[in-house]
>>> print(open('run.pdb').read())   # PDB, C-alpha atoms
ATOM      1  CA  MET A   1     139.079  -5.077 -96.721  1.00  0.00           C
ATOM      2  CA  PRO A   2     135.668  -4.634 -98.339  1.00  0.00           C
ATOM      3  CA  ARG A   3     134.141  -1.261 -97.804  1.00  0.00           C
ATOM      4  CA  HIS A   4     131.028  -2.618 -96.128  1.00  0.00           C
ATOM      5  CA  ALA A   5     133.131  -4.496 -93.576  1.00  0.00           C
ATOM      6  CA  ARG A   6     134.424  -1.220 -92.154  1.00  0.00           C
ATOM      7  CA  THR A   7     130.960   0.182 -91.684  1.00  0.00           C
ATOM      8  CA  ALA A   8     130.289   0.418 -87.958  1.00  0.00           C
ATOM      9  CA  VAL A   9     126.836  -0.334 -86.638  1.00  0.00           C
ATOM     10  CA  PRO A  10     125.526   2.899 -85.113  1.00  0.00           C
ATOM     11  CA  ARG A  11     124.964   2.747 -81.381  1.00  0.00           C
ATOM     12  CA  HIS A  12     121.362   3.346 -80.485  1.00  0.00           C
ATOM     13  CA  ARG A  13     120.669   4.898 -77.095  1.00  0.00           C
ATOM     14  CA  GLU A  14     117.175   4.944 -75.704  1.00  0.00           C
ATOM     15  CA  LEU A  15     115.850   6.796 -72.690  1.00  0.00           C
ATOM     16  CA  HIS A  16     113.541   4.637 -70.614  1.00  0.00           C
ATOM     17  CA  ARG A  17     111.673   5.885 -67.573  1.00  0.00           C
ATOM     18  CA  THR A  18     110.384   2.663 -66.044  1.00  0.00           C
ATOM     19  CA  ASP A  19     113.393   2.472 -63.717  1.00  0.00           C
ATOM     20  CA  ARG A  20     112.146   5.676 -62.081  1.00  0.00           C
ATOM     21  CA  VAL A  21     108.688   4.371 -61.256  1.00  0.00           C
ATOM     22  CA  GLY A  22     109.409   3.283 -57.685  1.00  0.00           C
ATOM     23  CA  TRP A  23     110.875   6.508 -56.335  1.00  0.00           C
ATOM     24  CA  LEU A  24     109.035   8.833 -58.737  1.00  0.00           C
ATOM     25  CA  ARG A  25     105.589   7.741 -57.603  1.00  0.00           C
ATOM     26  CA  ALA A  26     106.549   8.103 -53.943  1.00  0.00           C
ATOM     27  CA  ALA A  27     108.228  11.468 -54.514  1.00  0.00           C
ATOM     28  CA  VAL A  28     105.332  12.940 -56.496  1.00  0.00           C
ATOM     29  CA  LEU A  29     102.814  11.736 -53.940  1.00  0.00           C
ATOM     30  CA  GLY A  30     104.934  13.023 -51.069  1.00  0.00           C
ATOM     31  CA  ALA A  31     105.582  16.457 -52.580  1.00  0.00           C
ATOM     32  CA  ASN A  32     101.968  17.052 -53.532  1.00  0.00           C
ATOM     33  CA  ASP A  33     100.716  15.809 -50.185  1.00  0.00           C
ATOM     34  CA  GLY A  34     103.233  17.998 -48.360  1.00  0.00           C
ATOM     35  CA  ILE A  35     102.109  21.097 -50.227  1.00  0.00           C
ATOM     36  CA  VAL A  36      98.373  20.418 -50.080  1.00  0.00           C
ATOM     37  CA  SER A  37      97.975  19.015 -46.571  1.00  0.00           C
ATOM     38  CA  VAL A  38     100.176  21.536 -44.774  1.00  0.00           C
ATOM     39  CA  SER A  39      98.789  24.398 -46.855  1.00  0.00           C
ATOM     40  CA  GLY A  40      95.297  23.205 -46.013  1.00  0.00           C
ATOM     41  CA  LEU A  41      96.139  23.301 -42.314  1.00  0.00           C
ATOM     42  CA  VAL A  42      97.683  26.765 -42.606  1.00  0.00           C
ATOM     43  CA  VAL A  43      94.832  28.195 -44.673  1.00  0.00           C
ATOM     44  CA  GLY A  44      92.153  26.636 -42.504  1.00  0.00           C
ATOM     45  CA  VAL A  45      93.670  27.865 -39.236  1.00  0.00           C
ATOM     46  CA  ALA A  46      94.439  31.302 -40.712  1.00  0.00           C
ATOM     47  CA  ALA A  47      90.868  31.641 -41.984  1.00  0.00           C
ATOM     48  CA  SER A  48      89.587  30.970 -38.470  1.00  0.00           C
ATOM     49  CA  GLY A  49      91.371  34.100 -37.192  1.00  0.00           C
ATOM     50  CA  ALA A  50      94.165  32.338 -35.306  1.00  0.00           C
ATOM     51  CA  ALA A  51      97.321  34.157 -34.222  1.00  0.00           C
ATOM     52  CA  PRO A  52     100.394  33.984 -36.506  1.00  0.00           C
ATOM     53  CA  SER A  53     102.323  31.912 -33.948  1.00  0.00           C
ATOM     54  CA  THR A  54      99.505  29.358 -33.860  1.00  0.00           C
ATOM     55  CA  ILE A  55      99.412  29.187 -37.653  1.00  0.00           C
ATOM     56  CA  LEU A  56     103.169  28.617 -37.820  1.00  0.00           C
ATOM     57  CA  LEU A  57     103.092  25.966 -35.090  1.00  0.00           C
ATOM     58  CA  THR A  58     100.269  24.191 -36.912  1.00  0.00           C
ATOM     59  CA  GLY A  59     102.292  24.143 -40.120  1.00  0.00           C
ATOM     60  CA  VAL A  60     105.441  22.806 -38.458  1.00  0.00           C
ATOM     61  CA  ALA A  61     103.499  20.133 -36.608  1.00  0.00           C
ATOM     62  CA  GLY A  62     101.818  19.148 -39.864  1.00  0.00           C
ATOM     63  CA  LEU A  63     105.202  18.886 -41.579  1.00  0.00           C
ATOM     64  CA  VAL A  64     106.720  16.614 -38.920  1.00  0.00           C
ATOM     65  CA  ALA A  65     103.665  14.405 -38.531  1.00  0.00           C
ATOM     66  CA  GLY A  66     103.028  14.242 -42.262  1.00  0.00           C
ATOM     67  CA  ALA A  67     106.601  13.325 -43.203  1.00  0.00           C
ATOM     68  CA  MET A  68     106.658  10.521 -40.644  1.00  0.00           C
ATOM     69  CA  SER A  69     103.240   9.312 -41.738  1.00  0.00           C
ATOM     70  CA  MET A  70     104.195   9.314 -45.410  1.00  0.00           C
ATOM     71  CA  ALA A  71     107.428   7.427 -44.732  1.00  0.00           C
ATOM     72  CA  ALA A  72     105.674   4.824 -42.596  1.00  0.00           C
ATOM     73  CA  GLY A  73     102.796   4.420 -45.018  1.00  0.00           C
ATOM     74  CA  GLU A  74     105.058   4.035 -48.052  1.00  0.00           C
ATOM     75  CA  TYR A  75     107.326   1.590 -46.259  1.00  0.00           C
ATOM     76  CA  VAL A  76     104.490  -0.622 -45.056  1.00  0.00           C
ATOM     77  CA  SER A  77     102.654  -0.679 -48.399  1.00  0.00           C
ATOM     78  CA  VAL A  78     105.755  -1.244 -50.533  1.00  0.00           C
ATOM     79  CA  GLN A  79     107.088  -3.826 -48.064  1.00  0.00           C
ATOM     80  CA  SER A  80     103.819  -5.719 -48.503  1.00  0.00           C
ATOM     81  CA  GLN A  81     104.504  -5.791 -52.231  1.00  0.00           C
ATOM     82  CA  ALA A  82     108.083  -6.921 -51.583  1.00  0.00           C
ATOM     83  CA  ASP A  83     106.803  -9.718 -49.297  1.00  0.00           C
ATOM     84  CA  ALA A  84     104.418 -10.903 -52.018  1.00  0.00           C
ATOM     85  CA  GLU A  85     107.237 -10.906 -54.573  1.00  0.00           C
ATOM     86  CA  ALA A  86     109.490 -12.850 -52.199  1.00  0.00           C
ATOM     87  CA  ALA A  87     106.749 -15.415 -51.586  1.00  0.00           C
ATOM     88  CA  ASP A  88     106.196 -15.899 -55.324  1.00  0.00           C
ATOM     89  CA  LEU A  89     109.933 -16.308 -55.913  1.00  0.00           C
ATOM     90  CA  ALA A  90     110.154 -18.893 -53.133  1.00  0.00           C
ATOM     91  CA  VAL A  91     107.379 -20.915 -54.775  1.00  0.00           C
ATOM     92  CA  GLU A  92     109.132 -20.628 -58.131  1.00  0.00           C
ATOM     93  CA  LYS A  93     112.450 -21.799 -56.664  1.00  0.00           C
ATOM     94  CA  ARG A  94     110.771 -24.855 -55.172  1.00  0.00           C
ATOM     95  CA  GLU A  95     108.988 -25.710 -58.406  1.00  0.00           C
ATOM     96  CA  LEU A  96     112.197 -25.347 -60.424  1.00  0.00           C
ATOM     97  CA  HIS A  97     113.877 -27.756 -58.049  1.00  0.00           C
ATOM     98  CA  GLU A  98     111.033 -30.295 -57.833  1.00  0.00           C
ATOM     99  CA  MET A  99     109.693 -30.241 -61.417  1.00  0.00           C
ATOM    100  CA  PRO A 100     112.175 -28.614 -63.797  1.00  0.00           C
ATOM    101  CA  ASP A 101     110.629 -30.248 -66.878  1.00  0.00           C
ATOM    102  CA  GLY A 102     107.196 -28.869 -66.063  1.00  0.00           C
ATOM    103  CA  GLU A 103     108.633 -25.396 -65.520  1.00  0.00           C
ATOM    104  CA  LEU A 104     110.493 -25.601 -68.826  1.00  0.00           C
ATOM    105  CA  ALA A 105     107.268 -26.541 -70.580  1.00  0.00           C
ATOM    106  CA  GLU A 106     105.491 -23.688 -68.852  1.00  0.00           C
ATOM    107  CA  LEU A 107     108.118 -21.202 -69.995  1.00  0.00           C
ATOM    108  CA  THR A 108     107.897 -22.579 -73.521  1.00  0.00           C
ATOM    109  CA  GLN A 109     104.144 -22.022 -73.607  1.00  0.00           C
ATOM    110  CA  ILE A 110     104.623 -18.450 -72.447  1.00  0.00           C
ATOM    111  CA  TYR A 111     106.837 -17.757 -75.449  1.00  0.00           C
ATOM    112  CA  VAL A 112     104.450 -19.573 -77.778  1.00  0.00           C
ATOM    113  CA  GLY A 113     101.689 -17.330 -76.469  1.00  0.00           C
ATOM    114  CA  ARG A 114     103.820 -14.329 -77.337  1.00  0.00           C
ATOM    115  CA  GLY A 115     104.113 -15.384 -80.948  1.00  0.00           C
ATOM    116  CA  LEU A 116     107.138 -17.691 -81.257  1.00  0.00           C
ATOM    117  CA  GLU A 117     106.978 -20.973 -83.150  1.00  0.00           C
ATOM    118  CA  PRO A 118     106.892 -23.929 -80.725  1.00  0.00           C
ATOM    119  CA  ALA A 119     110.340 -25.189 -81.707  1.00  0.00           C
ATOM    120  CA  LEU A 120     111.899 -21.748 -81.351  1.00  0.00           C
ATOM    121  CA  ALA A 121     110.009 -21.125 -78.106  1.00  0.00           C
ATOM    122  CA  ARG A 122     111.424 -24.371 -76.726  1.00  0.00           C
ATOM    123  CA  GLN A 123     114.937 -23.394 -77.768  1.00  0.00           C
ATOM    124  CA  VAL A 124     114.607 -19.957 -76.177  1.00  0.00           C
ATOM    125  CA  ALA A 125     113.211 -21.462 -72.983  1.00  0.00           C
ATOM    126  CA  GLU A 126     116.060 -23.977 -72.783  1.00  0.00           C
ATOM    127  CA  GLN A 127     118.747 -21.353 -73.292  1.00  0.00           C
ATOM    128  CA  LEU A 128     117.254 -18.920 -70.788  1.00  0.00           C
ATOM    129  CA  THR A 129     116.800 -21.734 -68.277  1.00  0.00           C
ATOM    130  CA  ALA A 130     120.414 -22.763 -68.685  1.00  0.00           C
ATOM    131  CA  HIS A 131     121.529 -19.163 -68.189  1.00  0.00           C
ATOM    132  CA  ASP A 132     119.332 -18.274 -65.178  1.00  0.00           C
ATOM    133  CA  ALA A 133     116.130 -20.214 -64.758  1.00  0.00           C
ATOM    134  CA  LEU A 134     114.794 -18.224 -61.828  1.00  0.00           C
ATOM    135  CA  ALA A 135     115.404 -14.884 -63.548  1.00  0.00           C
ATOM    136  CA  ALA A 136     113.573 -16.101 -66.648  1.00  0.00           C
ATOM    137  CA  HIS A 137     110.523 -17.181 -64.665  1.00  0.00           C
ATOM    138  CA  MET A 138     110.630 -14.080 -62.498  1.00  0.00           C
ATOM    139  CA  ARG A 139     110.516 -11.838 -65.544  1.00  0.00           C
ATOM    140  CA  ASP A 140     108.340 -13.788 -67.987  1.00  0.00           C
ATOM    141  CA  GLU A 141     105.997 -15.732 -65.713  1.00  0.00           C
ATOM    142  CA  LEU A 142     105.649 -13.489 -62.665  1.00  0.00           C
ATOM    143  CA  GLY A 143     106.215 -10.139 -64.391  1.00  0.00           C
ATOM    144  CA  ILE A 144     108.825  -9.033 -61.851  1.00  0.00           C
ATOM    145  CA  THR A 145     111.736  -7.020 -63.232  1.00  0.00           C
ATOM    146  CA  GLU A 146     114.661  -5.352 -61.501  1.00  0.00           C
ATOM    147  CA  ALA A 147     113.485  -1.908 -62.629  1.00  0.00           C
ATOM    148  CA  LEU A 148     110.029  -2.397 -61.109  1.00  0.00           C
ATOM    149  CA  ARG A 149     110.838  -4.446 -58.008  1.00  0.00           C
ATOM    150  CA  ALA A 150     109.516  -3.161 -54.708  1.00  0.00           C
ATOM    151  CA  ARG A 151     112.069  -1.115 -52.747  1.00  0.00           C
ATOM    152  CA  PRO A 152     110.464  -0.148 -49.416  1.00  0.00           C
ATOM    153  CA  VAL A 153     113.322   1.927 -47.971  1.00  0.00           C
ATOM    154  CA  GLN A 154     113.795   3.884 -51.191  1.00  0.00           C
ATOM    155  CA  ALA A 155     110.068   4.611 -51.399  1.00  0.00           C
ATOM    156  CA  ALA A 156     109.872   5.663 -47.742  1.00  0.00           C
ATOM    157  CA  LEU A 157     112.853   8.017 -47.952  1.00  0.00           C
ATOM    158  CA  ALA A 158     111.694   9.538 -51.243  1.00  0.00           C
ATOM    159  CA  SER A 159     108.207  10.119 -49.877  1.00  0.00           C
ATOM    160  CA  ALA A 160     109.347  11.663 -46.585  1.00  0.00           C
ATOM    161  CA  ALA A 161     111.929  13.907 -48.241  1.00  0.00           C
ATOM    162  CA  ALA A 162     109.497  15.078 -50.909  1.00  0.00           C
ATOM    163  CA  PHE A 163     106.782  15.741 -48.306  1.00  0.00           C
ATOM    164  CA  THR A 164     109.198  17.860 -46.290  1.00  0.00           C
ATOM    165  CA  VAL A 165     110.244  19.890 -49.325  1.00  0.00           C
ATOM    166  CA  GLY A 166     106.634  20.424 -50.337  1.00  0.00           C
ATOM    167  CA  ALA A 167     105.564  21.424 -46.826  1.00  0.00           C
ATOM    168  CA  LEU A 168     108.285  24.073 -46.603  1.00  0.00           C
ATOM    169  CA  LEU A 169     106.346  26.176 -49.130  1.00  0.00           C
ATOM    170  CA  PRO A 170     103.312  26.938 -46.921  1.00  0.00           C
ATOM    171  CA  ILE A 171     105.553  27.330 -43.881  1.00  0.00           C
ATOM    172  CA  ALA A 172     107.614  29.907 -45.767  1.00  0.00           C
ATOM    173  CA  THR A 173     104.478  31.860 -46.692  1.00  0.00           C
ATOM    174  CA  THR A 174     103.411  31.773 -43.045  1.00  0.00           C
ATOM    175  CA  LEU A 175     106.692  33.367 -42.053  1.00  0.00           C
ATOM    176  CA  LEU A 176     106.904  35.897 -44.865  1.00  0.00           C
ATOM    177  CA  ALA A 177     103.335  36.964 -45.592  1.00  0.00           C
ATOM    178  CA  PRO A 178     101.561  39.761 -43.642  1.00  0.00           C
ATOM    179  CA  ALA A 179      99.498  38.333 -40.800  1.00  0.00           C
ATOM    180  CA  ASP A 180      96.182  39.305 -42.401  1.00  0.00           C
ATOM    181  CA  LYS A 181      97.197  37.922 -45.804  1.00  0.00           C
ATOM    182  CA  VAL A 182      98.493  34.476 -44.798  1.00  0.00           C
ATOM    183  CA  ALA A 183      95.497  32.588 -46.169  1.00  0.00           C
ATOM    184  CA  ILE A 184      95.429  34.205 -49.595  1.00  0.00           C
ATOM    185  CA  VAL A 185      99.228  34.244 -50.030  1.00  0.00           C
ATOM    186  CA  THR A 186      99.474  30.596 -48.996  1.00  0.00           C
ATOM    187  CA  THR A 187      96.679  29.637 -51.364  1.00  0.00           C
ATOM    188  CA  LEU A 188      98.304  31.372 -54.326  1.00  0.00           C
ATOM    189  CA  ALA A 189     101.738  29.993 -53.492  1.00  0.00           C
ATOM    190  CA  THR A 190     100.285  26.518 -53.092  1.00  0.00           C
ATOM    191  CA  VAL A 191      98.579  26.535 -56.474  1.00  0.00           C
ATOM    192  CA  ALA A 192     101.774  27.854 -58.087  1.00  0.00           C
ATOM    193  CA  GLY A 193     103.851  25.212 -56.298  1.00  0.00           C
ATOM    194  CA  LEU A 194     101.485  22.456 -57.378  1.00  0.00           C
ATOM    195  CA  LEU A 195     101.612  23.614 -60.986  1.00  0.00           C
ATOM    196  CA  VAL A 196     105.410  23.433 -60.873  1.00  0.00           C
ATOM    197  CA  SER A 197     105.361  20.092 -59.055  1.00  0.00           C
ATOM    198  CA  GLY A 198     102.883  18.570 -61.472  1.00  0.00           C
ATOM    199  CA  GLY A 199     104.809  19.873 -64.462  1.00  0.00           C
ATOM    200  CA  LEU A 200     108.145  18.544 -63.204  1.00  0.00           C
ATOM    201  CA  ALA A 201     106.650  15.153 -62.365  1.00  0.00           C
ATOM    202  CA  ALA A 202     105.120  14.934 -65.832  1.00  0.00           C
ATOM    203  CA  ARG A 203     108.420  15.871 -67.460  1.00  0.00           C
ATOM    204  CA  VAL A 204     110.400  13.295 -65.486  1.00  0.00           C
ATOM    205  CA  GLY A 205     107.772  10.665 -66.240  1.00  0.00           C
ATOM    206  CA  GLY A 206     107.592  11.525 -69.932  1.00  0.00           C
ATOM    207  CA  ALA A 207     104.008  12.848 -69.877  1.00  0.00           C
ATOM    208  CA  PRO A 208     102.738  16.187 -71.277  1.00  0.00           C
ATOM    209  CA  VAL A 209     103.927  18.932 -68.923  1.00  0.00           C
ATOM    210  CA  LEU A 210     100.857  21.181 -69.178  1.00  0.00           C
ATOM    211  CA  ARG A 211      98.446  18.341 -68.554  1.00  0.00           C
ATOM    212  CA  GLY A 212     100.399  17.191 -65.497  1.00  0.00           C
ATOM    213  CA  ALA A 213     100.578  20.730 -64.114  1.00  0.00           C
ATOM    214  CA  TRP A 214      96.869  21.382 -64.661  1.00  0.00           C
ATOM    215  CA  ARG A 215      95.537  18.238 -63.025  1.00  0.00           C
ATOM    216  CA  VAL A 216      97.674  18.705 -59.909  1.00  0.00           C
ATOM    217  CA  GLY A 217      96.991  22.439 -59.647  1.00  0.00           C
ATOM    218  CA  PHE A 218      93.224  22.001 -60.064  1.00  0.00           C
ATOM    219  CA  TRP A 219      92.813  19.523 -57.223  1.00  0.00           C
ATOM    220  CA  GLY A 220      95.158  21.535 -55.028  1.00  0.00           C
ATOM    221  CA  ALA A 221      92.984  24.625 -55.547  1.00  0.00           C
ATOM    222  CA  MET A 222      89.902  22.609 -54.599  1.00  0.00           C
ATOM    223  CA  ALA A 223      91.610  21.471 -51.402  1.00  0.00           C
ATOM    224  CA  MET A 224      92.537  25.045 -50.492  1.00  0.00           C
ATOM    225  CA  ALA A 225      88.984  26.227 -51.079  1.00  0.00           C
ATOM    226  CA  ALA A 226      87.605  23.480 -48.850  1.00  0.00           C
ATOM    227  CA  ALA A 227      90.089  24.274 -46.078  1.00  0.00           C
ATOM    228  CA  ALA A 228      89.309  27.986 -46.192  1.00  0.00           C
ATOM    229  CA  LEU A 229      85.583  27.251 -46.075  1.00  0.00           C
ATOM    230  CA  VAL A 230      85.971  25.128 -42.950  1.00  0.00           C
ATOM    231  CA  GLY A 231      88.011  27.826 -41.252  1.00  0.00           C
ATOM    232  CA  ARG A 232      85.462  30.530 -42.037  1.00  0.00           C
ATOM    233  CA  LEU A 233      82.513  28.379 -40.950  1.00  0.00           C
ATOM    234  CA  PHE A 234      83.975  27.828 -37.480  1.00  0.00           C
ATOM    235  CA  HIS A 235      85.819  31.145 -37.224  1.00  0.00           C
ATOM    236  CA  VAL A 236      87.406  30.287 -33.910  1.00  0.00           C
ATOM    237  CA  SER A 237      90.056  32.753 -32.770  1.00  0.00           C
ATOM    238  CA  VAL A 238      92.892  31.311 -30.705  1.00  0.00           C
TER     239      VAL A 238
END
>>> encode(input="run.pdb", output="structure tokens")
Amino acid sequence: MPRHARTAVPRHRELHRTDRVGWLRAAVLGANDGIVSVSGLVVGVAASGAAPSTILLTGVAGLVAGAMSMAAGEYVSVQSQADAEAADLAVEKRELHEMPDGELAELTQIYVGRGLEPALARQVAEQLTAHDALAAHMRDELGITEALRARPVQAALASAAAFTVGALLPIATTLLAPADKVAIVTTLATVAGLLVSGGLAARVGGAPVLRGAWRVGFWGAMAMAAAALVGRLFHVSV
């Protein structure tokens, strides 16, 4: 056997992150919102001079309401996207049934526009149509792929779970910090938590870790400052 015939083609493995987009976006949004919104409530109420029990109750109520709100909001918004995708696919199914030649020509022109010679584009379109016409049009005409398809339940669960985990940070500081230090301890813990959250999200998404940590931590610090200012302006003891 010739030597070159025994040469195996090396297997090339690539790490792609687009399949994480659906749950990653919801999880990052939920975690950051859980940390910032509940911390804002805790810091604002603590800065007003409220009792520790009131601060804790405010944080817990914010966690429950926020997690439910995030889940509902994610589900409704992503379901709207899923409905739009389903409507487009229904139209495509009908057109493939009623005018297959026109759809084949349309697919051919898509491939010509991407740089293929017309004859080759026609051949590719014919073969993909024979294999799975709807999948070809879904991907190349509508831009819908399995990795990026809307998944409402997944987004809702990821958002609610991440919000809950994020909100546990300010609640923990409320329980553990001295009563007169709740605001400052919560603020510091929140900024630290946001830096970690932003860094982890950037790493999972393939972005620079420091940049992701900085942008999340900066806006979280601004939110804490605003909440503390409101609490001190009203200074209402409960």
>>> residues_around(input="run.pdb", residues="Ala161 (chain A)", least_positions_apart="3", cutoff="9 Å", atoms="all atoms listed in the file", output="JSON, numbers by chain")
{"A": [27, 30, 31, 67, 71, 156, 157, 158, 164, 165, 166]}
>>> residues_around(input="run.pdb", residues="region 217-224 of chain A", least_positions_apart="5", cutoff="12 Å", atoms="all atoms listed in the file", output="VMD selection string")
chain A and resid 31 to 47 170 183 to 199 210 to 212 229 to 231
>>> closest_residue(input="run.pdb", among="A:Leu29, A:Val153, A:Ala86, A:Val182", to="Ser53 (chain A)", atoms="all atoms listed in the file")
A:Val182
>>> axis_aligned_box(input="run.pdb", around="region 62-66 of chain A", padding_each_side="6 Å", output="AutoDock Vina command-line options")
--center_x 104.3 --center_y 16.7 --center_z -40.4 --size_x 16.9 --size_y 16.9 --size_z 15.7
>>> residues_around(input="run.pdb", residues="Met68 (chain A)", least_positions_apart="2", cutoff="10 Å", atoms="all atoms listed in the file", output="PyMOL selection string")
chain A and resi 62-66+70-74+156-157+159-161+163-164
>>> resolve_selection(input="run.pdb", expression="the PyMOL selection byres ((chain A and resi 93) around 12)", output="list in words")
Ala86, Ala87, Asp88, Leu89, Ala90, Val91, Glu92, Arg94, Glu95, Leu96, His97, Glu98, Met99, Pro100, Glu103, Asp132, Ala133, Leu134, Ala135, Ala136, His137 and Met138 of chain A
>>> atom_distance(input="run.pdb", atom1="CA of Ala167 (chain A)", atom2="CA of Lys181 (chain A)")
18.5 Å
>>> atom_distance(input="run.pdb", atom1="CA of Leu148 (chain A)", atom2="CA of Glu85 (chain A)")
11.1 Å
>>> atom_distance(input="run.pdb", atom1="CA of Gly143 (chain A)", atom2="CA of Arg114 (chain A)")
13.8 Å
>>> closest_residue(input="run.pdb", among="A:Ala228, A:Val124, A:Leu175, A:Ala202", to="Val60 (chain A)", atoms="all atoms listed in the file")
A:Leu175
